[in-house]
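These notes concern the structure reproduced below.
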Amino acid sequence: MLRGTFDKLLPVAFFVGLIVLWQIATHVLTVPSFLLPSPVEIAKKIYELFDRLLMHTWVTLSEVLIGFALASIGGIFLAVITAHSRFLARTIFPIMVISQVIPTIAIAPLLVIWFGPGDVARLTVVFLIAFFPVVVNTTAGLLRVDEELVDLVAGLKGTRWKIFTKIRMPNALPSIFTGMRISIALSVIGAVVAEFVAANAGLGYLIFSAATNLDTVLVFAAVTLLAVMGIILFQLVLLSQRLAIPWALEAKEGDA
Amino acid sequence: MNVYGKIKSISATVALATTVMWSSVSAAAEQKVTMHLDFLVNGYHAPFYLANEKGWYKEAGLSVTIRPGRGTADSIKNVATGQAQFGFPDFGAVSKAIADGIPITAVAAFSQTVPAGIISFADKPINKPKDLEGKSIAVAPFGATAIMMPAFAKINGVDMSKVKVQTYNFGAMVPSFLTGKVDATVGYVFGEFHAAQKKSPKRKVLFLAMADWGIGAYSNGIVVNNAFMKSNPKAVAAFVKASLRSLKYTLTHLDEAIAATAKHTETPAATLKEQLQLALRNFDTPQARKLGWGTMTDDKWKATQDIQVEFNKQKKRVPLSAIYTNKFVK
C-alpha cells in the first residue's frame, strides 16, 4: 500500500524537484529572463494574463480535438480499406508514407495558399501530422487477428461484414488505442505547427509572436499551458481505453 | 378596378418595394477587402488599425479585414493569389517579385527609407560602416536585412573579408548579440533594435541606420493585386486614400492609433508605441512631407530595383511603370 503511494508520488516529487532546481539556477547564475525565465516569472505571467491565455488555449484545444477526431476516424478508415483491398493497399499506402516523409512544416504554407489561412488549412496540417500512427497501428491490429477464429466463423457461414465487426475490429481495438495515444500528442504538435504558419490566435501563435518580441517569459507560459493540455489529453485517451476495453491486458507504462 | 388590374398593381408595388429595399441593402453593404500585413502586428501597422477603428474605411465603402502575415514573401504571395487584395511588403522584394512575373503593383509608399541598420553596444560601437571591420556580426539567413548587408558594405567600401559574419535564425540574432556571442547584429529599428534596447537596461545600444549611409531604397508600402486593380480601381483608390489619411492622423495622434492597434495583439500598448515612434523615423521624412504621403518617385524606385538586381539576383530590370503607380495617391 505504501509502495503504491510512493510510486504515484515519485513522478510528482521529481518534477517539483526539477522546478526548484531550475528556480535556484536562474537565481544563482543570474540568467537573463530573455534567455531562460525562472518558474516564478512564468507563473506570474500566467496569472497576469490568465484570461487571454485561456482564450488562446481554447483556440488551440479546439484545433487539437477536431484534428485528432479527423485523424482518428480518417486513420481507422484508411486502415480498414487498405486492409481489405489489395488494390487500395498498393495505391494509397505509398502515398500515405510519402505524406509522412515530406515535412509538414514545408507543406503548410502551400496548404495556406490553396485553402486560405483558415480552419481548413490548419486542420489539414493537424491531420497530416497525426493520422499516420492511427493507420499503422490499426492495420497491425486488423491483421493480427487469429486466422483460425476467422476460418471458424467463415465456416459457420459468417459474412465478411460479421467477421469484420465481431472479430477483426474488437481484436484491433487495443492497437487502435495505441495509435490514438501517439496521435493525440502529435495533434498538439500539429496544432502548434499550423498556428505558426497561419493563425492569429492560439498558443502556437502566441509562442511565435512572443518569440519575435523576445518575450521569452510569455513563450514559456504558453509552452507550459501546452504541456498541461497535452498531458491531460493523453490521460483522457488512456482513460477512454480503460473504459472501452477493460479486458485488454496491457503492460503498465510506468503507471501512467 | 377588376381582379386582374388589382393583381397587376399589387405585383407592381411589391416589385418596386423589393427593388428599393434590395438597392438600399446593397448600398449599405461595403465591399469586402483584405489587407495582408508583412508580419505580426507591430506599432508601425497602426495606421491601418486606426482607419478601421475610426470608420474611415467604412466611409469609403470598404469593409477591411487586416490579417497579420508571416514575412514579406507571405504578404506578396497572398496578394498574388488573390487571397488578399492588398499587402504591405518590403518594396525591394516587390521589385524582384514583379520581375519574376508576380501580378502585383505598388500603389503607396509608407516606409520611405529602409529601417535596417547595424545594432551595437555603445562601449564597443559601430558608428560608421568601416567600424565593422575586425568585428563579428549576426545576419539573417534571408529577408530584407540579408540583402541590405552586402549592399551597405559595398557602397561604403567595407572589406567584408575582415568582418566575421554569422548567420543566425531570426529569433537568435538579438539574443546572440545581447549575450556577447557577436559584437553586432543587423536588424530593423522598430524590431531588433527596439528589442535589444529593452533587454539591455544597463548597456546602451546603438543603431547605425543604413538609410543614412547610402541605402536609398524604399521599404514597406501598399501593393495591390493586378486583377483587382483592373476591375476595382475605385476600391483601390478608396483604400489607399483612407490609409494615407490615417497615416497623417497617426503622426499627431499616436496614443489613439496605438489604442486601436493594441486590441489586436498581445503586445503591450507601451511596446507598440515605442515601435511606432521608431518606425516614424522612416515613415515621416522630409520627402514624404514635400511630395505628399504615399507618393513614389522614379529615383527611389530605381535605387530600390538596383539593389535587388545587384544583390538579390533579380534577373531582369523591369520598367518602373510596371512596378508602381501614383494614380491612387492623388
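Identifiers in the C-alpha cells: chain A, B, ... in order shown; residue index from 1 per chain; ligand index from 1 in order shown.
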
Within 7 Å of chain A: residues of chain B, using only C-alpha atoms, as a PyMOL selection string
chain B and resi 40+83+171+195

So that I have them on file, write out the residues from the current selection with C-alpha atoms, as an mmCIF file, in the first residue's frame.
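Saved result, selection01.cif, follows:
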```cif
data_model
loop_
_atom_site.group_PDB
_atom_site.id
_atom_site.type_symbol
_atom_site.label_atom_id
_atom_site.label_comp_id
_atom_site.auth_asym_id
_atom_site.auth_seq_id
_atom_site.Cartn_x
_atom_site.Cartn_y
_atom_site.Cartn_z
ATOM 1 C CA LEU B 40 2.660 40.124 -36.885
ATOM 2 C CA GLN B 83 -6.323 35.597 -51.069
ATOM 3 C CA GLY B 171 14.869 34.644 -33.187
ATOM 4 C CA ALA B 195 14.041 44.549 -28.531
#
```

Skipping near chain neighbours, those fewer than 3 positions away, what residues fall within 10 Å of segment 214-216 of chain B using only C-alpha atoms, listed as a ChimeraX atom specification?
/B:112-114,116,148-149,151-156,209-211,219,299-304,306-307

Residues at most 8 Å from segment 181-189 of chain B, counting only C-alpha atoms, excluding those fewer than 2 positions away in the same chain, as a PyMOL selection string?
chain B and resi 115-121+124+135-140+145+149+166+173-174+176-179+191-194+207+209+278-279

Find the residues around segment 186-194 of chain A up to 8 Å (only C-alpha atoms counted), leave out those fewer than 2 positions away in its own chain, and share them as a VMD selection string.
chain A and resid 60 63 to 65 67 to 68 105 108 121 to 123 125 to 130 182 to 184 196 to 199 203 to 205 226 230

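Counting only C-alpha atoms and comparing B:Ser95, B:Gly43, B:Val163, B:Gly294, the residue that lies closest to Leu254 of chain B is B:Gly43.
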
If you run DSSP on the backbone, which residues of segment 59-266 of chain B are alpha helix (DSSP H), as a ChimeraX atom specification?
/B:59,72-80,91-99,144-155,170-178,194-198,226-231,233-252,254-262

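Here atom CA of Gly92 of chain B is placed at a distance of 6.2 Å from atom CA of Gln308 of chain B.
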
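Summary of the local environment: counting only C-alpha atoms, residues at most 7 Å from Ile323 of chain B, other than itself and those fewer than 2 positions away along its chain, are B:Ser95, B:Ile98, B:Thr105, B:Ala106, B:Leu320, B:Ser321.
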
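The space separating atom CA of Ile46 of chain A from atom CA of Ala221 of chain A comes to 5.9 Å.
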
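Here the question is which of A:Ser99, A:Thr57, A:Val145, A:Ile19 gets nearest to Val228 of chain A using only C-alpha atoms, and that residue is A:Thr57.
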
Residues near segment 74-76 of chain A, anyone? I mean within 6 Å using only C-alpha atoms, not counting same-chain ones fewer than 5 positions away, as a PyMOL selection string.
chain A and resi 131+134-135

Print the selection's residues with all heavy atoms to a file, as a compact mmCIF listing (two decimals), in the first residue's frame.
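Resulting contents of again-v3.txt:
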```txt
# COMPACT_ATOMS: atom_id res chain seq x y z
N PHE A 131 -2.38 11.56 -38.39
CA PHE A 131 -3.17 10.40 -38.80
C PHE A 131 -2.38 9.11 -38.96
O PHE A 131 -2.91 8.01 -38.78
CB PHE A 131 -3.94 10.71 -40.09
CG PHE A 131 -3.16 10.48 -41.35
CD1 PHE A 131 -3.37 9.34 -42.12
CD2 PHE A 131 -2.20 11.40 -41.78
CE1 PHE A 131 -2.65 9.11 -43.29
CE2 PHE A 131 -1.48 11.19 -42.94
CZ PHE A 131 -1.71 10.03 -43.71
N VAL A 134 -2.23 6.21 -36.39
CA VAL A 134 -3.51 5.51 -36.27
C VAL A 134 -3.63 4.48 -37.40
O VAL A 134 -4.05 3.34 -37.18
CB VAL A 134 -4.70 6.50 -36.33
CG1 VAL A 134 -6.02 5.77 -36.26
CG2 VAL A 134 -4.59 7.52 -35.22
N VAL A 135 -3.22 4.87 -38.60
CA VAL A 135 -3.30 3.94 -39.73
C VAL A 135 -2.44 2.71 -39.47
O VAL A 135 -2.89 1.58 -39.58
CB VAL A 135 -2.82 4.63 -41.03
CG1 VAL A 135 -2.78 3.61 -42.17
CG2 VAL A 135 -3.72 5.79 -41.39
```
